[in-house]
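Containing compact mmCIF, C-alpha atoms: run_12.txt.
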# COMPACT_ATOMS: atom_id res chain seq x y z
CA MET J 1 36.90 75.95 46.25
CA THR J 2 34.79 74.70 43.38
CA TYR J 3 32.39 71.78 43.88
CA THR J 4 31.11 69.46 41.09
CA LEU J 5 27.40 69.34 41.33
CA LEU J 6 25.55 66.00 40.98
CA PRO J 7 23.95 65.48 37.55
CA THR J 8 20.55 66.91 37.29
CA PHE J 9 17.50 64.76 36.50
CA GLY J 10 17.44 66.06 32.94
CA THR J 11 21.08 65.04 32.42
CA LEU J 12 20.35 61.50 33.70
CA PHE J 13 17.34 61.17 31.40
CA GLU J 14 19.41 62.28 28.41
CA SER J 15 22.15 59.76 29.26
CA LEU J 16 19.61 56.95 29.67
CA TRP J 17 17.95 57.81 26.36
CA GLU J 18 21.29 57.81 24.57
CA PHE J 19 22.03 54.33 25.94
CA LEU J 20 18.55 52.88 25.15
CA SER J 21 18.84 54.08 21.55
CA SER J 22 22.41 52.91 21.09
CA GLY J 23 23.48 49.91 19.02
CA VAL J 24 24.38 47.95 22.15
CA ALA J 25 20.86 48.32 23.58
CA ILE J 26 19.25 47.30 20.30
CA THR J 27 21.40 44.16 20.27
CA ILE J 28 20.24 43.37 23.80
CA TYR J 29 16.63 43.80 22.66
CA PHE J 30 17.09 41.24 19.89
CA VAL J 31 18.74 38.80 22.29
CA ILE J 32 15.82 39.08 24.71
CA LEU J 33 13.31 38.68 21.86
CA PHE J 34 15.16 35.59 20.61
CA LEU J 35 15.15 34.04 24.10
CA CYS J 36 11.40 34.68 24.42
CA ILE J 37 10.69 33.06 21.05
CA ALA J 38 12.91 30.08 21.94
CA ALA J 39 11.05 29.66 25.25
CA LEU J 40 7.71 29.79 23.44
CA ILE J 41 8.80 27.19 20.88
CA GLY J 42 10.07 24.94 23.66
CA THR J 43 6.74 25.19 25.46
CA VAL J 44 4.86 24.30 22.27
CA LEU J 45 7.11 21.27 21.67
CA ILE J 46 6.50 20.02 25.18
CA MET J 47 2.74 20.41 24.73
CA ILE J 48 2.86 18.53 21.41
CA ARG J 49 4.85 15.70 22.99
CA GLU J 50 2.40 15.42 25.86
CA ASP J 51 -0.48 15.42 23.39
CA ASP J 52 1.13 12.61 21.38
CA LYS J 53 1.57 10.57 24.54
CA ALA J 54 -2.10 11.05 25.39
CA LYS J 55 -3.09 9.73 21.96
CA LYS J 56 -1.26 6.44 22.20
CA ALA J 57 -3.29 3.45 21.12
CA SER J 58 -3.94 1.97 24.53
CA ARG J 59 -7.22 0.52 25.68
CA LEU J 60 -9.30 3.71 25.93
CA SER J 61 -12.89 3.37 27.01
CA GLU J 62 -14.20 6.04 24.70
CA GLU J 63 -12.78 4.26 21.64
CA GLY J 64 -13.54 0.72 22.59
CA GLY J 65 -9.83 -0.15 22.92
CA TYR J 66 -8.12 -3.16 21.42
CA ALA J 67 -9.98 -6.37 20.81
CA ASP J 68 -9.91 -9.19 23.33
CA GLY J 69 -6.61 -11.03 23.43
CA VAL J 70 -4.46 -7.91 22.96
CA GLU J 71 -2.54 -6.52 25.88
CA SER J 72 -2.92 -2.83 26.62
CA VAL J 73 -0.01 -0.62 25.60
CA ASP J 74 2.13 1.05 28.23
CA ASP J 75 2.07 4.84 28.13
CA ASP J 76 5.77 5.13 28.99
CA ASP J 77 8.32 6.00 26.33
CA ASP J 78 8.59 2.88 24.16
CA GLY J 79 11.33 3.92 21.77
CA ILE J 80 9.08 4.18 18.71
CA THR J 81 10.49 6.65 16.21
CA SER J 82 8.01 6.06 13.39
CA ARG J 83 5.89 8.98 12.27
CA PHE J 84 2.87 6.70 12.90
CA HIS J 85 3.35 6.15 16.60
CA SER J 86 -0.01 4.59 17.48
CA LEU J 87 -0.17 2.35 14.40
CA VAL J 88 3.28 0.92 15.10
CA GLN J 89 2.19 0.27 18.66
CA MET J 90 -0.70 -1.77 17.27
CA ASP J 91 1.73 -3.77 15.15
CA ARG J 92 3.55 -4.72 18.34
CA ALA J 93 0.42 -5.40 20.35
CA TYR J 94 -1.27 -7.59 17.74
CA ALA J 95 1.82 -9.72 17.18
CA ALA J 96 0.47 -11.96 19.96
CA TYR J 97 -3.26 -11.48 19.18
CA ARG J 98 -5.58 -14.33 20.14
CA ALA J 99 -9.00 -14.33 18.48
CA PRO J 100 -11.94 -14.72 20.89
CA ALA J 101 -14.59 -17.40 20.60
CA TYR J 102 -17.44 -16.37 18.30
CA ASP J 103 -21.11 -17.32 18.21
CA GLU J 104 -21.06 -19.21 14.93
CA ASP J 105 -24.54 -20.77 15.07
CA ILE J 106 -26.57 -17.55 15.18
CA THR J 107 -28.96 -16.69 12.32
CA LEU J 108 -30.13 -13.31 11.05
CA ILE J 109 -33.48 -13.81 12.81
CA ASP J 110 -31.60 -14.61 16.04
CA MET J 111 -29.46 -11.52 15.52
CA CYS J 112 -32.49 -9.25 15.14
CA ARG J 113 -34.30 -10.71 18.13
CA ASN J 114 -31.25 -10.74 20.40
CA PHE J 115 -30.16 -7.21 19.50
CA ARG J 116 -33.65 -5.85 20.17
CA ASN J 117 -33.79 -7.57 23.57
CA TYR J 118 -30.24 -6.54 24.42
CA ALA J 119 -30.93 -2.85 23.74
CA ALA J 120 -34.09 -2.90 25.84
CA ALA J 121 -32.85 -5.06 28.75
CA ASN J 122 -29.39 -3.57 29.16
CA LEU J 123 -29.69 -0.02 27.84
CA GLY J 124 -33.38 0.85 28.19
CA LEU J 125 -33.64 1.47 24.45
CA TYR J 126 -36.79 0.27 22.73
CA TYR J 127 -37.04 -0.31 19.00
CA SER J 128 -39.70 -1.94 16.86
CA GLU J 129 -39.08 -5.25 15.12
CA GLU J 130 -39.37 -3.47 11.75
CA ASP J 131 -36.66 -0.95 12.64
CA ILE J 132 -34.28 -3.67 13.81
CA ARG J 133 -34.86 -5.64 10.58
CA ARG J 134 -34.20 -2.52 8.52
CA PHE J 135 -30.98 -1.90 10.42
CA ILE J 136 -29.58 -5.44 10.06
CA ALA J 137 -30.68 -5.79 6.43
CA GLY J 138 -29.25 -2.33 5.68
CA ILE J 139 -25.75 -3.15 6.92
CA GLY J 140 -25.95 -6.35 4.90
CA VAL J 141 -26.29 -4.30 1.72
CA SER J 142 -23.94 -1.37 2.29
CA HIS J 143 -21.09 -0.42 4.60
CA LEU J 144 -22.57 3.08 4.85
CA LEU J 145 -25.90 3.48 6.65
CA VAL J 146 -27.50 6.90 7.10
CA MET J 147 -29.96 7.15 9.98
CA GLN J 148 -32.17 10.21 9.79
CA GLY J 149 -35.19 11.49 11.64
CA LEU J 150 -36.31 13.67 14.48
CA SER J 151 -33.98 14.43 17.35
CA GLY J 152 -34.45 12.11 20.30
CA THR J 153 -35.71 9.07 18.39
CA GLY J 154 -32.58 7.05 19.18
CA LYS J 155 -30.44 7.23 16.04
CA THR J 156 -27.04 7.51 17.72
CA SER J 157 -28.19 5.25 20.54
CA MET J 158 -29.05 2.41 18.15
CA ALA J 159 -25.69 2.65 16.41
CA THR J 160 -23.74 2.60 19.67
CA ALA J 161 -25.98 -0.10 21.15
CA PHE J 162 -25.18 -2.37 18.21
CA GLY J 163 -21.47 -2.17 18.97
CA ASN J 164 -22.14 -3.00 22.62
CA TYR J 165 -24.31 -5.93 21.55
CA LEU J 166 -21.39 -7.26 19.47
CA ASN J 167 -19.03 -6.89 22.47
CA ASN J 168 -16.95 -4.48 20.37
CA PRO J 169 -18.04 -0.95 21.37
CA SER J 170 -18.76 1.50 18.58
CA THR J 171 -16.41 4.41 17.93
CA VAL J 172 -18.23 7.76 17.84
CA VAL J 173 -16.68 10.46 15.66
CA SER J 174 -18.28 13.85 16.24
CA VAL J 175 -18.35 15.64 12.89
CA GLN J 176 -17.29 19.29 13.06
CA PRO J 177 -18.87 22.12 10.99
CA MET J 178 -15.54 23.20 9.44
CA TRP J 179 -14.61 19.78 8.03
CA LYS J 180 -13.92 19.93 4.30
CA GLU J 181 -11.33 17.30 3.41
CA ARG J 182 -9.95 13.85 4.16
CA SER J 183 -7.35 15.08 6.67
CA ASP J 184 -10.14 16.37 8.90
CA ILE J 185 -11.32 12.83 9.52
CA ILE J 186 -8.21 10.61 9.35
CA GLY J 187 -5.46 13.00 10.46
CA TYR J 188 -2.49 14.75 8.84
CA PHE J 189 1.30 14.83 8.73
CA ASN J 190 2.78 17.58 10.90
CA GLU J 191 5.78 19.05 9.07
CA PHE J 192 6.99 20.70 12.27
CA THR J 193 7.10 17.57 14.46
CA LYS J 194 7.62 15.09 11.57
CA ARG J 195 4.82 13.00 13.07
CA PHE J 196 1.47 12.00 11.63
CA SER J 197 -1.42 13.17 13.79
CA GLU J 198 -3.42 9.94 13.74
CA GLY J 199 -7.16 10.45 13.97
CA THR J 200 -9.45 8.08 15.81
CA LEU J 201 -10.94 6.86 12.54
CA LEU J 202 -7.54 5.97 11.07
CA LYS J 203 -6.58 4.02 14.20
CA LYS J 204 -9.82 2.06 14.15
CA LEU J 205 -9.46 1.22 10.46
CA TYR J 206 -5.94 -0.02 11.15
CA GLU J 207 -7.01 -2.05 14.15
CA ALA J 208 -9.81 -3.69 12.17
CA ARG J 209 -7.28 -5.05 9.68
CA TYR J 210 -5.92 -7.32 12.43
CA THR J 211 -9.20 -8.91 13.57
CA ASP J 212 -12.37 -10.62 12.37
CA GLU J 213 -14.57 -8.48 14.62
CA MET J 214 -17.42 -6.33 13.28
CA TYR J 215 -16.55 -2.64 13.77
CA VAL J 216 -19.04 0.24 13.90
CA ILE J 217 -17.87 3.83 13.37
CA VAL J 218 -20.59 6.40 14.10
CA LEU J 219 -20.39 9.71 12.23
CA ASP J 220 -22.48 11.71 14.67
CA GLU J 221 -24.41 14.58 13.04
CA MET J 222 -22.70 13.74 9.77
CA ASN J 223 -24.45 16.50 7.79
CA ILE J 224 -23.36 19.36 10.05
CA ALA J 225 -20.61 19.59 7.38
CA ARG J 226 -20.83 18.56 3.72
CA VAL J 227 -20.49 14.78 3.69
CA GLU J 228 -19.43 14.68 0.03
CA TYR J 229 -16.40 16.83 0.96
CA TYR J 230 -14.77 15.25 4.02
CA PHE J 231 -15.99 11.72 3.20
CA ALA J 232 -15.33 11.90 -0.56
CA ASP J 233 -12.52 9.32 -0.61
CA PHE J 234 -14.63 6.73 1.17
CA LEU J 235 -17.62 7.32 -1.12
CA SER J 236 -15.40 6.76 -4.15
CA GLN J 237 -13.87 3.60 -2.71
CA MET J 238 -17.31 2.06 -2.20
CA GLU J 239 -17.65 1.82 -5.98
CA LEU J 240 -14.67 -0.58 -6.13
CA SER J 241 -14.38 -4.23 -5.20
CA PRO J 242 -13.34 -4.79 -1.55
CA ALA J 243 -9.87 -5.98 -2.55
CA ASN J 244 -9.18 -2.69 -4.33
CA ARG J 245 -10.40 -0.25 -1.68
CA TYR J 246 -7.35 1.70 -0.57
CA LEU J 247 -7.18 4.92 1.41
CA GLU J 248 -4.16 7.09 0.66
CA VAL J 249 -2.77 8.20 4.01
CA VAL J 250 0.56 9.69 2.91
CA SER J 251 2.16 10.15 -0.49
CA ASP J 252 5.55 8.60 0.32
CA THR J 253 7.07 5.65 2.19
CA TRP J 254 9.43 5.62 5.16
CA LYS J 255 11.33 2.51 6.23
CA ASP J 256 9.79 2.47 9.71
CA ASP J 257 6.17 2.95 8.58
CA PRO J 258 3.50 0.60 10.03
CA ARG J 259 3.42 -2.97 8.75
CA LEU J 260 -0.01 -2.77 7.08
CA LEU J 261 0.62 0.51 5.31
CA GLU J 262 1.34 -0.30 1.66
CA ARG J 263 3.18 2.47 -0.21
CA GLY J 264 1.47 5.02 2.02
CA ARG J 265 -1.97 3.44 1.51
CA LEU J 266 -4.18 1.49 3.88
CA ARG J 267 -6.60 -1.08 2.50
CA ILE J 268 -10.05 -0.27 3.89
CA PRO J 269 -11.15 -3.38 5.82
CA GLU J 270 -14.44 -5.05 4.94
CA ASN J 271 -15.36 -5.56 8.59
CA VAL J 272 -15.98 -1.82 9.22
CA TRP J 273 -19.35 -0.09 8.91
CA PHE J 274 -19.92 3.66 8.86
CA ILE J 275 -23.23 4.71 10.41
CA GLY J 276 -24.06 8.37 10.03
CA THR J 277 -26.77 10.15 11.97
CA ALA J 278 -28.44 13.08 10.23
CA ASN J 279 -30.78 15.75 11.51
CA ASN J 280 -32.79 17.75 9.01
CA ASP J 281 -32.94 21.33 10.29
CA ASP J 282 -31.59 24.79 9.53
CA SER J 283 -28.21 24.05 11.15
CA THR J 284 -27.30 21.22 8.78
CA PHE J 285 -26.62 20.65 5.08
CA ALA J 286 -28.89 18.56 2.90
CA VAL J 287 -27.48 15.10 2.23
CA SER J 288 -26.66 14.95 -1.48
CA ASP J 289 -27.80 12.30 -3.95
CA LYS J 290 -24.20 11.11 -4.22
CA VAL J 291 -24.37 10.03 -0.57
CA TYR J 292 -27.97 8.81 -0.61
CA ASP J 293 -27.45 6.61 -3.65
CA ARG J 294 -24.41 4.85 -2.18
CA ALA J 295 -25.78 4.45 1.34
CA MET J 296 -28.67 2.57 2.82
CA ILE J 297 -31.17 4.92 4.43
CA MET J 298 -33.06 4.33 7.66
CA ASN J 299 -35.73 6.68 8.96
CA LEU J 300 -36.40 6.85 12.69
CA ASP J 301 -39.43 9.13 12.96
CA ARG J 302 -41.03 7.87 16.13
CA LYS J 303 -40.16 6.13 19.35
CA ALA J 304 -41.19 2.51 19.73
CA GLU J 305 -43.47 1.30 22.49
CA GLU J 306 -41.89 -0.26 25.54
CA PHE J 307 -42.04 -4.03 25.96
CA VAL J 308 -40.81 -6.66 28.41
CA PRO J 309 -37.48 -7.84 27.00
CA LEU J 310 -35.81 -11.20 27.41
CA LYS J 311 -32.42 -11.07 29.08
CA ASN J 312 -29.57 -11.04 26.56
CA ASP J 313 -25.88 -10.38 27.13
CA GLY J 314 -25.04 -9.85 23.47
CA ASN J 315 -23.44 -12.04 20.83
CA ARG J 316 -19.89 -12.10 19.56
CA ILE J 317 -20.38 -12.40 15.81
CA SER J 318 -17.41 -12.56 13.48
CA PHE J 319 -17.39 -10.66 10.21
CA THR J 320 -16.79 -13.93 8.36
CA HIS J 321 -19.94 -15.46 9.82
CA PHE J 322 -22.06 -12.36 9.15
CA ARG J 323 -20.83 -12.26 5.55
CA GLU J 324 -21.83 -15.89 5.14
CA LEU J 325 -25.29 -15.14 6.56
CA VAL J 326 -25.69 -12.35 3.99
CA ARG J 327 -24.60 -14.60 1.12
CA SER J 328 -26.91 -17.38 2.26
CA ALA J 329 -29.90 -15.02 2.49
CA LYS J 330 -29.34 -13.78 -1.07
CA THR J 331 -29.32 -17.39 -2.25
CA ARG J 332 -32.36 -18.58 -0.31
CA PHE J 333 -34.64 -15.61 -0.98
CA ARG J 334 -35.43 -13.79 -4.18
CA LEU J 335 -37.61 -10.88 -5.23
CA SER J 336 -40.74 -12.50 -6.63
CA ASP J 337 -41.74 -11.99 -10.26
CA GLU J 338 -45.10 -10.59 -9.16
CA MET J 339 -43.45 -7.93 -6.98
CA ARG J 340 -40.91 -7.18 -9.68
CA ASP J 341 -43.78 -6.38 -12.09
CA LYS J 342 -45.39 -4.07 -9.53
CA ILE J 343 -42.16 -2.18 -9.04
CA ARG J 344 -41.87 -1.83 -12.81
CA ILE J 345 -45.34 -0.25 -12.96
CA ILE J 346 -44.33 2.43 -10.45
CA ASP J 347 -41.04 3.01 -12.26
CA GLU J 348 -42.74 3.48 -15.63
CA PHE J 349 -45.22 5.97 -14.19
CA LEU J 350 -42.49 8.07 -12.57
CA THR J 351 -40.44 7.98 -15.75
CA ASP J 352 -43.32 9.01 -18.02
CA ARG J 353 -44.75 11.68 -15.72
CA PHE J 354 -41.66 13.18 -14.03
CA ARG J 355 -38.70 11.89 -16.07
CA ILE J 356 -37.41 10.31 -12.87
CA THR J 357 -36.05 6.80 -12.63
CA TYR J 358 -33.52 4.92 -10.54
CA GLY J 359 -30.29 3.51 -11.87
CA ASN J 360 -28.54 0.19 -11.64
CA ARG J 361 -27.09 0.97 -8.20
CA ILE J 362 -30.51 1.36 -6.55
CA ARG J 363 -31.86 -1.59 -8.53
CA ARG J 364 -29.03 -3.75 -7.17
CA GLN J 365 -29.69 -2.53 -3.64
CA MET J 366 -33.33 -3.59 -3.96
CA GLU J 367 -32.31 -7.04 -5.18
CA GLU J 368 -30.04 -7.43 -2.13
CA TYR J 369 -32.08 -5.69 0.55
CA ILE J 370 -35.36 -7.55 0.04
CA PRO J 371 -33.86 -11.07 0.50
CA LEU J 372 -32.04 -9.89 3.62
CA TYR J 373 -35.20 -8.36 5.05
CA LEU J 374 -36.99 -11.68 4.44
CA ALA J 375 -34.14 -13.58 6.12
CA CYS J 376 -34.56 -11.28 9.13
CA GLY J 377 -38.18 -12.42 9.47
CA GLY J 378 -39.94 -9.65 7.56
CA LYS J 379 -42.39 -9.60 4.64
CA GLU J 380 -41.56 -8.88 1.04
CA ILE J 381 -44.11 -6.10 0.63
CA ASP J 382 -42.78 -4.29 3.69
CA ALA J 383 -39.24 -4.39 2.28
CA VAL J 384 -40.46 -3.07 -1.08
CA ASP J 385 -42.40 -0.31 0.70
CA ASP J 386 -39.27 0.70 2.59
CA MET J 387 -37.05 0.80 -0.51
CA LEU J 388 -39.50 2.67 -2.74
CA ALA J 389 -40.11 5.30 -0.08
CA LYS J 390 -36.43 5.90 0.76
CA LYS J 391 -34.76 5.42 -2.59
CA VAL J 392 -37.33 6.32 -5.26
CA LEU J 393 -40.05 8.66 -3.99
CA ARG J 394 -37.50 10.90 -2.28
CA LYS J 395 -36.29 11.87 -5.76
CA LEU J 396 -39.55 13.81 -6.17
CA ASP J 397 -38.53 16.29 -3.47
CA GLY J 398 -36.66 18.47 -5.92
CA LEU J 399 -39.52 18.86 -8.38
CA SER J 400 -41.76 21.87 -8.76
CA PRO J 401 -44.72 21.85 -6.33
CA ILE J 402 -47.05 22.61 -9.23
CA VAL J 403 -45.95 19.47 -11.06
CA ILE J 404 -46.43 17.39 -7.91
CA ARG J 405 -49.80 18.91 -7.02
CA TYR J 406 -51.55 17.86 -10.23
CA SER J 407 -50.25 14.30 -10.07
CA MET J 408 -50.83 13.34 -6.44
CA ASP J 409 -54.29 11.86 -6.85
CA GLU J 410 -53.19 9.72 -9.76
CA MET J 411 -50.11 8.53 -7.87
CA GLU J 412 -52.13 7.52 -4.82
CA GLU J 413 -54.63 5.67 -6.99
CA LEU J 414 -51.78 3.86 -8.72
CA PHE J 415 -50.28 2.68 -5.42
CA THR J 416 -53.71 1.48 -4.24
CA SER J 417 -54.48 -0.43 -7.45
CA THR J 418 -50.99 -1.94 -7.57
CA PHE J 419 -50.32 -2.87 -3.94
CA GLY J 420 -53.72 -2.69 -2.23
CA ALA J 421 -55.37 -0.11 -0.02
CA ASP J 422 -53.92 -1.42 3.26
CA ASN J 423 -50.29 -1.79 2.19
CA MET J 424 -47.26 0.47 1.60
CA PRO J 425 -47.58 2.76 4.66
CA SER J 426 -44.12 4.32 4.20
CA CYS J 427 -44.82 5.22 0.58
CA ARG J 428 -48.20 6.69 1.55
CA ASP J 429 -46.50 8.79 4.23
CA SER J 430 -44.08 10.05 1.57
CA LEU J 431 -46.97 10.93 -0.75
CA ASP J 432 -48.77 12.77 2.06
CA ARG J 433 -45.61 14.76 2.77
CA LEU J 434 -45.24 15.63 -0.91
CA ARG J 435 -48.86 16.76 -1.02
CA ARG J 436 -48.43 19.03 2.02
CA ASN J 437 -45.26 20.56 0.58
CA ALA J 438 -47.00 21.22 -2.75
CA GLN J 439 -49.89 23.15 -1.21
Before we go any further, please render this structure as structure tokens.
Amino acid sequence: MTYTLLPTFGTLFESLWEFLSSGVAITIYFVILFLCIAALIGTVLIMIREDDKAKKASRLSEEGGYADGVESVDDDDDGITSRFHSLVQMDRAYAAYRAPAYDEDITLIDMCRNFRNYAAANLGLYYSEEDIRRFIAGIGVSHLLVMQGLSGTGKTSMATAFGNYLNNPSTVVSVQPMWKERSDIIGYFNEFTKRFSEGTLLKKLYEARYTDEMYVIVLDEMNIARVEYYFADFLSQMELSPANRYLEVVSDTWKDDPRLLERGRLRIPENVWFIGTANNDDSTFAVSDKVYDRAMIMNLDRKAEEFVPLKNDGNRISFTHFRELVRSAKTRFRLSDEMRDKIRIIDEFLTDRFRITYGNRIRRQMEEYIPLYLACGGKEIDAVDDMLAKKVLRKLDGLSPIVIRYSMDEMEELFTSTFGADNMPSCRDSLDRLRRNAQ
């Protein structure tokens, strides 16, 4: 009798190999691969949906939320199909907006005094009267204020404290080193989800269009990336009249786009200020002249001494009232003819010796800043000192040290003969710095 032996191990291996390399097995492989890819895509879609839900424009503490009188938005599915989910939510929420009561009798001097006391009494932040005047006068001139100085002197703290003082908390945008374009700061349209990823800045700009509040957006460590790259659109818009300042968000129009989006553009509201903090060290980029010339500059080089503050709970100041205070100050106060002649002397010296002068933009800023500084309770010569140091003498930084070295004595003598030996401390500090750098 003949018996059929069981297949040997080698025979089984050969049979298995033939099957694994067959067309049927390869088809199975592709099916499994397709299922894995489909599962991965599904997981990504779920994560994107959850992320969109988390970004809804509800009252979030870190962003300051909606203004008073606006109900918070429910996080449940609300049926919005627009590509601008959060902005459409704001349209709904602000349909029943009720403006709060504002402090309409406050003056610029009151504003400076109350803000200084508020920061000290409520936040433990101490600033000198001169720094507070420079801050308030600066935002009266430009909607872009650059605060620079040593780390730990309270640059970001002052900007955020001002929003708290106004009862409309500041929005802090942490600038990232890789930012290079507009989409990095306002958001972008996602072709995969067909939704616009709305950045915090875009949502705040949209919200500000609905109210008369004063909004502060802090660009924290703004020069960790090149400001003239990611902020280029805003810098260009500042050259236009307020009615013509439009930010292009998208290049087309959909029927369910937000109410205030006009042909894909959002008009930049006048009641928003950008306050950038800048550290000058090896990890940051130098702020370019394009930014410096358009912005007001504030140096915080030292901490102020502590004082006993008066209790203050802040003031609710409308943008309309603040704008009227600015206009009134420019009417009541003027740069004196005597001071104008002194500034001309400095300008002529710098032009003849270094071929450096300042243009119409800086000249206009001087004409606006000095009246505002006076309306805040300061002195004319202190305002001139501040502007010459920040806007004019800083232009000498790029010159050859040899050229600077042989002109320092004459420059210091000129400032003494023109303004007096005991005046212009900021300009003298700038000259001392230039002298040290030239040695």
Separation of CA of Val326 in chain J from CA of Thr211 in chain J in Å: 19.4 Å
Exercise: range 365-371 of chain J partners within 7 Å, only C-alpha atoms, chain neighbours under 3 positions left out, as a ChimeraX atom specification: /J:137-138,141,329-330,333-335,361-362,374-375,380,383-384,387
Okay, now the selection with C-alpha atoms, as a PDB file, in the frame of the given file?
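This is the output file result.pdb:
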ATOM      1  CA  ALA J 137     -30.680  -5.790   6.430  1.00  0.00           C
ATOM      2  CA  GLY J 138     -29.250  -2.330   5.680  1.00  0.00           C
ATOM      3  CA  VAL J 141     -26.290  -4.300   1.720  1.00  0.00           C
ATOM      4  CA  ALA J 329     -29.900 -15.020   2.490  1.00  0.00           C
ATOM      5  CA  LYS J 330     -29.340 -13.780  -1.070  1.00  0.00           C
ATOM      6  CA  PHE J 333     -34.640 -15.610  -0.980  1.00  0.00           C
ATOM      7  CA  ARG J 334     -35.430 -13.790  -4.180  1.00  0.00           C
ATOM      8  CA  LEU J 335     -37.610 -10.880  -5.230  1.00  0.00           C
ATOM      9  CA  ARG J 361     -27.090   0.970  -8.200  1.00  0.00           C
ATOM     10  CA  ILE J 362     -30.510   1.360  -6.550  1.00  0.00           C
ATOM     11  CA  LEU J 374     -36.990 -11.680   4.440  1.00  0.00           C
ATOM     12  CA  ALA J 375     -34.140 -13.580   6.120  1.00  0.00           C
ATOM     13  CA  GLU J 380     -41.560  -8.880   1.040  1.00  0.00           C
ATOM     14  CA  ALA J 383     -39.240  -4.390   2.280  1.00  0.00           C
ATOM     15  CA  VAL J 384     -40.460  -3.070  -1.080  1.00  0.00           C
ATOM     16  CA  MET J 387     -37.050   0.800  -0.510  1.00  0.00           C
TER      17      MET J 387
END
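Take the candidates J:Ile37, J:Leu266, J:Ile224, J:Val175 and check each one against Ser251 in chain J using only C-alpha atoms; the shortest distance goes to J:Leu266.
Relative to CA of Arg302 in chain J, CA of Glu129 in chain J is found at 13.3 Å.
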Distance in Å - CA of Tyr229 in chain J versus CA of Leu261 in chain J: 24.0 Å
Enclose the full set of atoms of range 227-237 of chain J listed in the file within a box whose edges lie along x, y and z, apply 4 Å of padding to each of the six sides, and report centre and edge lengths in Å to one decimal as AutoDock Vina command-line options.
--center_x -16.5 --center_y 10.2 --center_z -0.1 --size_x 16.0 --size_y 21.2 --size_z 16.2
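Proximity ranking of J:Asp212, J:Lys395, J:Gly377, J:Ile346 relative to Leu414 in chain J places J:Ile346 first, based on only C-alpha atoms.
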Test item: residues at most 12 Å from Glu324 in chain J, only C-alpha atoms, excluding those fewer than 4 positions along its chain, as number ranges by chain: J: 104-108, 140, 317-320, 328-331, 372
Just range 135-163 of chain J from the block, C-alpha atoms, as a short mmCIF file (atom, residue, chain, number, x, y, z; two decimals), in the first residue's frame, could you?
data_model
loop_
_atom_site.label_atom_id
_atom_site.label_comp_id
_atom_site.auth_asym_id
_atom_site.auth_seq_id
_atom_site.Cartn_x
_atom_site.Cartn_y
_atom_site.Cartn_z
CA PHE J 135 2.90 106.46 24.73
CA ILE J 136 -0.38 108.40 24.56
CA ALA J 137 1.03 111.08 22.24
CA GLY J 138 2.56 108.36 20.05
CA ILE J 139 -0.72 106.54 19.43
CA GLY J 140 -2.27 109.91 18.65
CA VAL J 141 0.15 110.31 15.73
CA SER J 142 0.36 106.80 14.27
CA HIS J 143 -1.54 103.53 14.45
CA LEU J 144 1.81 101.71 14.59
CA LEU J 145 3.95 102.15 17.71
CA VAL J 146 7.27 100.34 18.09
CA MET J 147 8.44 99.90 21.67
CA GLN J 148 12.10 98.96 21.94
CA GLY J 149 14.61 98.62 24.72
CA LEU J 150 16.18 96.18 27.11
CA SER J 151 14.38 93.01 28.06
CA GLY J 152 12.41 93.32 31.28
CA THR J 153 11.69 97.05 31.10
CA GLY J 154 7.95 96.48 30.60
CA LYS J 155 7.36 96.93 26.87
CA THR J 156 4.78 94.17 26.40
CA SER J 157 3.36 94.83 29.85
CA MET J 158 2.61 98.48 29.02
CA ALA J 159 0.86 97.55 25.79
CA THR J 160 -1.31 94.91 27.45
CA ALA J 161 -1.95 97.13 30.47
CA PHE J 162 -3.33 99.85 28.19
CA GLY J 163 -5.95 97.46 26.83
#
